[in-house]
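Working notes, structure below.
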Protein chains: 4
Amino acid sequence: MIAEISPRAQKVIDTLRKFVNEECIPNEERYERELGVGAERWEREPPVVDELRAKAQELGLWNLFLPKEYKEGAGFTNYEYAHMCEIMGTCSSLAPTATNSNAPDTGNMEVLAKYGNEQQKQKWLVPLLQGRTRSAFAMTEPAVPSSNATNIDCRLIRTQGGYIVNGKKYWISNAGHPRLSLFLAMVRSGKTVQEIMDSPVKTGEYDIHKQHSVVIIPANAPGVTVVRPLTVFGYDDAPHGHCEVIFDNVFIPSENMILGEGRGFEIIQGRLGPGRLHHAMRAVGTAERALRLLINRALNREIEGVLLSDRGVIIEWIAKSRIEIDACRLLVLNASHAVDIKGARNSKKEIAMAKVEVPNLVLKIVDRAIQLFGASGVGQDTKLAEMYAHTRTLRLADGPDEVHLQQLGRNEIKQFKRNYDGKSRL
Amino acid sequence: MIAEISPRAQKVIDTLRKFVNEECIPNEERYERELGVGAERWEREPPVVDELRAKAQELGLWNLFLPKEYKEGAGFTNYEYAHMCEIMGTCSSLAPTATNSNAPDTGNMEVLAKYGNEQQKQKWLVPLLQGRTRSAFAMTEPAVPSSNATNIDCRLIRTQGGYIVNGKKYWISNAGHPRLSLFLAMVRSGKTVQEIMDSPVKTGEYDIHKQHSVVIIPANAPGVTVVRPLTVFGYDDAPHGHCEVIFDNVFIPSENMILGEGRGFEIIQGRLGPGRLHHAMRAVGTAERALRLLINRALNREIEGVLLSDRGVIIEWIAKSRIEIDACRLLVLNASHAVDIKGARNSKKEIAMAKVEVPNLVLKIVDRAIQLFGASGVGQDTKLAEMYAHTRTLRLADGPDEVHLQQLGRNEIKQFKRNYDGKSRL
Amino acid sequence: MIAEISPRAQKVIDTLRKFVNEECIPNEERYERELGVGAERWEREPPVVDELRAKAQELGLWNLFLPKEYKEGAGFTNYEYAHMCEIMGTCSSLAPTATNSNAPDTGNMEVLAKYGNEQQKQKWLVPLLQGRTRSAFAMTEPAVPSSNATNIDCRLIRTQGGYIVNGKKYWISNAGHPRLSLFLAMVRSGKTVQEIMDSPVKTGEYDIHKQHSVVIIPANAPGVTVVRPLTVFGYDDAPHGHCEVIFDNVFIPSENMILGEGRGFEIIQGRLGPGRLHHAMRAVGTAERALRLLINRALNREIEGVLLSDRGVIIEWIAKSRIEIDACRLLVLNASHAVDIKGARNSKKEIAMAKVEVPNLVLKIVDRAIQLFGASGVGQDTKLAEMYAHTRTLRLADGPDEVHLQQLGRNEIKQFKRNYDGKSRL
Amino acid sequence: MIAEISPRAQKVIDTLRKFVNEECIPNEERYERELGVGAERWEREPPVVDELRAKAQELGLWNLFLPKEYKEGAGFTNYEYAHMCEIMGTCSSLAPTATNSNAPDTGNMEVLAKYGNEQQKQKWLVPLLQGRTRSAFAMTEPAVPSSNATNIDCRLIRTQGGYIVNGKKYWISNAGHPRLSLFLAMVRSGKTVQEIMDSPVKTGEYDIHKQHSVVIIPANAPGVTVVRPLTVFGYDDAPHGHCEVIFDNVFIPSENMILGEGRGFEIIQGRLGPGRLHHAMRAVGTAERALRLLINRALNREIEGVLLSDRGVIIEWIAKSRIEIDACRLLVLNASHAVDIKGARNSKKEIAMAKVEVPNLVLKIVDRAIQLFGASGVGQDTKLAEMYAHTRTLRLADGPDEVHLQQLGRNEIKQFKRNYDGKSRL
């Protein structure tokens, strides 16, 4: 309703909706069962995943995310892709993976497609596009506030024929995956923040945005240790996980440098904006699913002889959830369309608004569903607690709410100054 | 960004923005001054209003609201008009009146244009369109929950050559206006709710939606008494006011019946939907104005040597306000566009979502501005407390939040049943 | 339940409750009627007030507030008086005045009793205690953030036989009262903040807490102008009002200096703490009254054939209101008792917690009542909108929420450092 | 501050605080380590627990909960015990267990002490009091809304020499514990709800409160199956767990009936009230711990060169958390004291207010702490996500918020009718 959807995209959207509702959601339990218990959870992907991937490929539901600028791309607009993300978000354990459209692989493939050279693409991108391998994006570090990437401190030092990497990363999604082939790692190849702060000049070799690089670290390189999965409210999210990873004197060949030393910022800048919108839009799908479960429960549970769906308090919950979901969707679609027409760099405000607002509202909706399900809502027999835990991380990932709110607020003040300063009547 | 705006509408929008910023807002203080004190506040419209009306007419900013279905109409879509409402909402004491686009005259003119016969139009609509007279819509009654119009009890009885009206109405906007020429009154011409409930049949003369009529009651008819202005948080909103009105054996001629006896519901149904959107969209403008004042204050007030605009808490208020305003705007534009493409009757959900959500969020924003202004925020030296009081009424007017939420929730449940009932996996 | 109430206090509490319920509340309408319209509202106190005052005196319900340290005092503890404040808060237009226990006179009498010399007491305190005169406390100024009293800038200059006062004050409660006899004014008798900041030393004559004095300014002194009442939302609160006042070369004799030049801080410090608790506790009474009205409305209004008191949403409002009211009461009683046992100076934390939390919760309760009453809730036929407006000012008076929250938070951090710093496990 | 604390209790409180801070909290990591991974987590209690239990016994910190009515009791008032619960709640994984004062064993021991006969006490209570065994309370069932115990449907049928039990229970805490010796089970020994509803009389054998019994089911009885642990968010809470349990034709001897057939309601009524307060008060301790962690993080983390503890937004979080914690504590202490002076049955209102309000506020505080810790807040390196998950269940356990709010609201309405009905002025 905000912008046009091409007939081709509409057809994919419709096929995807049917696929998710009829193939993915009914297989969620099988997935959990096949995942198993203990160590085996990390050893292989449940067979149902490969079955679904085969079906998705047949249906043309594969690699839906790359925009048409890339020759590998499905060529959908961000606005169109947002609709697909919402549908995939209703079954987040299976749908994104089944269509090879899951984070962080999507963003990594985008980086390789956009900035990789031919050789890098052949070696690393092609298998990812085919769904044969997985990738991780190694940015966050425990020791520094990583929402500001200038703090990244994992050290890259030139050596003969390549580089040596040393550092500790954490919350690295996919790092536990049995098919992991590479880390795209944000590393410091230049000065420290302290050195830059101490320097009187801030340009040239002291330009704070030229101290970092993005490199490819093969998953099986000597010195790479996946220490442990970090849990999200008790969930380990096997088999991909969010892991602590140590790079201890890891050697990588020169050819693994992407774009060139010191160009890390340039690379990650384009990556993060749309990625945030994908997260937000999947969260809208999560909320739709939670509301569906909530209504179904309300229609099937009596308290004191009255169906929950006939109780005013619950009806009000449903109404508020509908309003919040639709407001969220409009914010994300609005931002997606902004990216389409003026680029991510000029859509920071729209992206940030969706990035902050959506998870906060979705959490309210999922929490209502948990409350209506009672004890079952917090346990493993519904997906609700898991949805809550995952959505909760979105208030932190790619920068906490508070950092984005400060930026938004400051920009609003700047904008005001440009428009109104010196006017007597406001 | 949701739909197209024609070049003609865009031009009006631009002209209107300039007119409001440069002519209306700077005259707010003069308006308050000319309004005076005591009884004189009700005796004449401050001269500045007629001056502004003349300017607006010159600029082509006149009667902006009637859609193109009416030959009297400016012909803008609801989507386009919503943009104009937002601008007018930034100066709600002057801009809507100056452009002859103020409630409730807009809705009343729409009723006359749509349902009035030629004679009624000549006599009552034309002077309204010219801005020479004012009109009131007499629906709400103190004794019944008027959010459900079937409860309306003001009695119309046929008599020779016309009708006799008896009843008490309250919160009748414009009823105190010195130029008031007519009331459009919703009256009961048929059975009472009790009679209908007691009847075994609910069709024909017992159809609950055929018991009411809309009639024209001349403001100067004998038996019409404007008892007193009701206040909104202490504001009397002179010179138009929101008054208690008694119709005591008021005679009106047959020619004052609109469309026909028993057709009241048909008439008001079309009236209310878009009217709610206009209120909501003006409220978005109110919020923009409040945010502007808030930022300006923050830029000019120090506490303990630190500008308020440099304090994190205040910056966060600004950011949240921006998100809330933009979410509100998207909800209203989305609903306005829905009315344009599928009609008000099929857009009930979209209208209700905007109707409920917008005032609640706008109140938060205005409240923050009040808080930042301190004592000045609650007094008469800023418009903030008045904005708050007015916006607060929008959570009640045309049905309280709770009634709309129950309807929204119930519809959501119905929708769910249509889509998912009997499915095993949701 | 937190501390003991003496039998004497309990008897006063019981008598007061009966007096307020049977004499004050039933006379609210008469008070409004006798108040009249226009200018007359400021010219005399409605006769009902003096009648009630006579009755209250007979019943021993007079000057309930002064603690036993003062020979004029009724001698109740803060904890006991808090219970009386709650009862008076259920009828805030009449009960505090009827018992000569209304702000700001209470605080002013306390200042005179504590710091005044014998002559000052005879001349100014005695008539106040007898209820023959009224007083105002002139502290807040429009030009400076007055929540930090070091900013007060109204100028006192020594002259022959006395002082000259020049400055502008606003939001001066009681300043419009026909029986006003004096202003207690906080004035700057020393250096400006700027001068102090520029000075390398901060002690002696540059001690920032020794630049202000409190003086008595007779209401009828030449040069005193009550410019206008400021409105709270739209209420002018006649006949006492909250006024803008100009002191233009006002001469006062030396004997009008309280305690001595430069001792203003010492004086106001003791005044503000308990005063904030009185406001908070009256607000608890306001909330009880609003809840009572809400429940009564719910028991007498049907929507779609169902009593509002049988609707789950409304029942939940009532339950939440009860929880919030009781939490508020506990916070104020806890703070009052703290003042009793360790003094106001050592109870800053407890006072601030009540000062901030209570008005915020009470506003929610009053707002729910407004919503349930619909249009009547915002108008003059219930007291609800007026309650809301008045309670809203408590988030600003004596310092806005945000200032108190910053102090509370910083103190909490300091406390943490004292208790836990350097400990490895927290 | 609400009531007296005896010197004996104060000494225990002081000793307990020291024990928890110096012995329990520093051992949390060791506990997690010793707990191990996979199946071993359920096989034995980590050795640190027994060490701490030995120390606690030496210090006289053992079985702190039984009131003096029981000869086995430590004899503290509910008010005194509430203070101990708060301290234990700061280390909820170790402190309650270490002092043999953990739910559900406390409530079970209370039932056995109050209603068990001598033989039952010797066999089942004594080992529990000595800390050698554990017990579970089997009430909740997946198939019925168990917040109303009349719905409990697990079937008890008389047989020769005893009874046969059949049914499915879930969320049975402690059911996975290696030292589990018994279930206290609420079972239906009489009519079904349907049979009672169909019966014209509701007394005698159709009295809805006489259809249930409480029986002792030995943990090792044939037919008892602990099916699986249910997770709370992703936590399994080994080694005690919250399990699904099936009773399949389980025989129990007649001597295992407590008090007599049909007296189940009588038994559980006394159990639940104070238990809810213990949960609430431990939650206050949880919040204190979370705030402590939050402040410590704020003092040690810089963003853009500014310590988080110097940022206004964070300082405000701390202040609000302090207010909320203190309000929660006052509500629980107030309810505990009410139970002491008028009994649990007459303190339903006070208990319900604390039961509902405390978890909701504590969740806000823990959530703020999570947000400040960023990714570490949701993972296993802080206890915060686990605190959140556990506290979230308190909004559901012993009846969801909504059920209690409806009761509270309805009682408030009844109270109003008693006090005000028929009065003209409210």
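Just remember, in the structure tokens the first chain shown is A, the second B, etc., residues are 1-based per chain, and ligands are 1-based in the order shown.
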If you count only C-alpha atoms, which residues fall within 9 Å of Leu125 (chain C), apart from same-chain ones fewer than 2 positions away, as a CSV table (one decimal) with C-alpha atoms, in the first residue's frame?
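This is the output file part.csv:
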```
chain,number,residue,atom,x,y,z
C,108,ASN,CA,4.1,30.0,55.7
C,109,MET,CA,2.8,29.7,59.2
C,112,LEU,CA,6.8,32.3,60.9
C,113,ALA,CA,6.4,30.0,63.9
C,116,GLY,CA,9.8,34.7,63.1
C,120,GLN,CA,6.6,39.3,63.5
C,121,LYS,CA,4.5,36.5,65.0
C,122,GLN,CA,2.1,38.9,66.7
C,123,LYS,CA,1.6,40.9,63.5
C,127,PRO,CA,-4.2,36.5,62.2
C,128,LEU,CA,-3.2,33.6,59.9
C,129,LEU,CA,-3.7,31.1,62.7
C,130,GLN,CA,-7.1,32.7,63.3
```
Residues of chain B no more than 9 Å from chain D, counting only C-alpha atoms: send them over as a CSV table (one decimal) with N, CA and C atoms, in the first residue's frame.
```csv
chain,number,residue,atom,x,y,z
B,311,ARG,N,20.8,17.1,27.3
B,311,ARG,CA,20.6,16.1,28.3
B,311,ARG,C,20.0,14.8,27.7
B,312,GLY,N,20.5,13.7,28.0
B,312,GLY,CA,20.1,12.4,27.4
B,312,GLY,C,18.6,12.1,27.5
B,313,VAL,N,18.1,12.4,28.7
B,313,VAL,CA,16.7,12.1,28.9
B,313,VAL,C,15.8,12.9,28.0
B,314,ILE,N,16.2,14.2,27.8
B,314,ILE,CA,15.3,15.0,26.9
B,314,ILE,C,15.5,14.6,25.4
B,316,GLU,N,16.1,11.7,24.4
B,316,GLU,CA,15.3,10.5,24.2
B,316,GLU,C,13.8,10.8,24.1
```
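With distances restricted to only C-alpha atoms, A:Leu426 is the closest residue to Arg297 (chain B) from A:Val111, A:Leu330, A:Val226, A:Leu426.
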field: alpha helix (DSSP H) per DSSP on the backbone: members of region 212-380 of chain B, as a VMD selection string
entry: chain B and resid 264 to 300 312 to 342 348 to 373 375 to 378
query: So which residues of region 50-277 of chain D fall under strand (DSSP E) by DSSP, listed as a PyMOL selection string?
result: chain D and resi 134-138+155-159+162-173+180-188+212-218+224-230+242-253
query: Got a sec: who's within 12 Å of Ile295 (chain A), counting only C-alpha atoms, leaving out chain neighbours fewer than 2 positions off, as a ChimeraX atom specification?
result: /A:288-293,297-301,307-311,314-319,321-322,365,368-370,372-373 /B:409-417,419-421,426
field: Residue neighbourhood Met88 (chain A), 10 Å, only C-alpha atoms, exclusion window fewer than 6 positions, as an NGL selection string
entry: :A and (16-17 or 19-21 or 24 or 82 or 94-99 or 101-102 or 281-286)
Any chance you could export the current selection's N, CA and C atoms as a tab-separated table (two decimals), in the first residue's frame?
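Final output, saved to part-v4.tsv:
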```
chain	number	residue	atom	x	y	z
A	16	LEU	N	5.41	-18.22	-1.38
A	16	LEU	CA	6.11	-18.31	-0.11
A	16	LEU	C	5.13	-18.49	1.05
A	17	ARG	N	4.04	-17.74	1.01
A	17	ARG	CA	3.06	-17.84	2.10
A	17	ARG	C	2.53	-19.27	2.19
A	19	PHE	N	3.97	-21.99	1.05
A	19	PHE	CA	5.07	-22.87	1.45
A	19	PHE	C	5.29	-22.82	2.97
A	20	VAL	N	5.30	-21.63	3.52
A	20	VAL	CA	5.54	-21.50	4.96
A	20	VAL	C	4.39	-22.10	5.75
A	21	ASN	N	3.17	-21.80	5.33
A	21	ASN	CA	2.02	-22.30	6.09
A	21	ASN	C	1.85	-23.81	5.96
A	24	CYS	N	6.46	-25.45	6.16
A	24	CYS	CA	7.40	-25.12	7.25
A	24	CYS	C	6.74	-25.25	8.63
A	82	ALA	N	10.67	-7.03	2.06
A	82	ALA	CA	10.12	-6.87	3.41
A	82	ALA	C	8.88	-7.73	3.59
A	94	LEU	N	12.50	-22.28	10.64
A	94	LEU	CA	12.65	-23.05	9.39
A	94	LEU	C	12.60	-22.22	8.11
A	95	ALA	N	11.71	-21.25	8.03
A	95	ALA	CA	11.47	-20.60	6.74
A	95	ALA	C	12.69	-19.86	6.19
A	96	PRO	N	13.38	-19.06	6.99
A	96	PRO	CA	14.54	-18.36	6.41
A	96	PRO	C	15.61	-19.34	5.94
A	97	THR	N	15.88	-20.35	6.74
A	97	THR	CA	16.89	-21.33	6.36
A	97	THR	C	16.47	-22.11	5.12
A	98	ALA	N	15.21	-22.50	5.09
A	98	ALA	CA	14.73	-23.31	3.97
A	98	ALA	C	14.86	-22.58	2.65
A	99	THR	N	14.78	-21.25	2.69
A	99	THR	CA	14.87	-20.48	1.45
A	99	THR	C	16.24	-19.85	1.26
A	101	SER	N	17.68	-17.77	2.97
A	101	SER	CA	17.53	-16.32	3.13
A	101	SER	C	17.65	-15.93	4.60
A	102	ASN	N	18.53	-16.63	5.29
A	102	ASN	CA	18.64	-16.41	6.73
A	102	ASN	C	19.86	-15.57	7.08
A	281	MET	N	11.31	-6.73	10.12
A	281	MET	CA	10.16	-7.24	9.38
A	281	MET	C	9.86	-8.69	9.76
A	282	ARG	N	10.91	-9.47	10.00
A	282	ARG	CA	10.64	-10.82	10.49
A	282	ARG	C	9.94	-10.76	11.85
A	283	ALA	N	10.33	-9.76	12.64
A	283	ALA	CA	9.68	-9.62	13.95
A	283	ALA	C	8.19	-9.32	13.80
A	284	VAL	N	7.82	-8.58	12.76
A	284	VAL	CA	6.39	-8.36	12.50
A	284	VAL	C	5.70	-9.69	12.23
A	285	GLY	N	6.37	-10.55	11.47
A	285	GLY	CA	5.82	-11.89	11.24
A	285	GLY	C	5.70	-12.68	12.54
A	286	THR	N	6.70	-12.57	13.37
A	286	THR	CA	6.66	-13.23	14.68
A	286	THR	C	5.43	-12.77	15.47
```
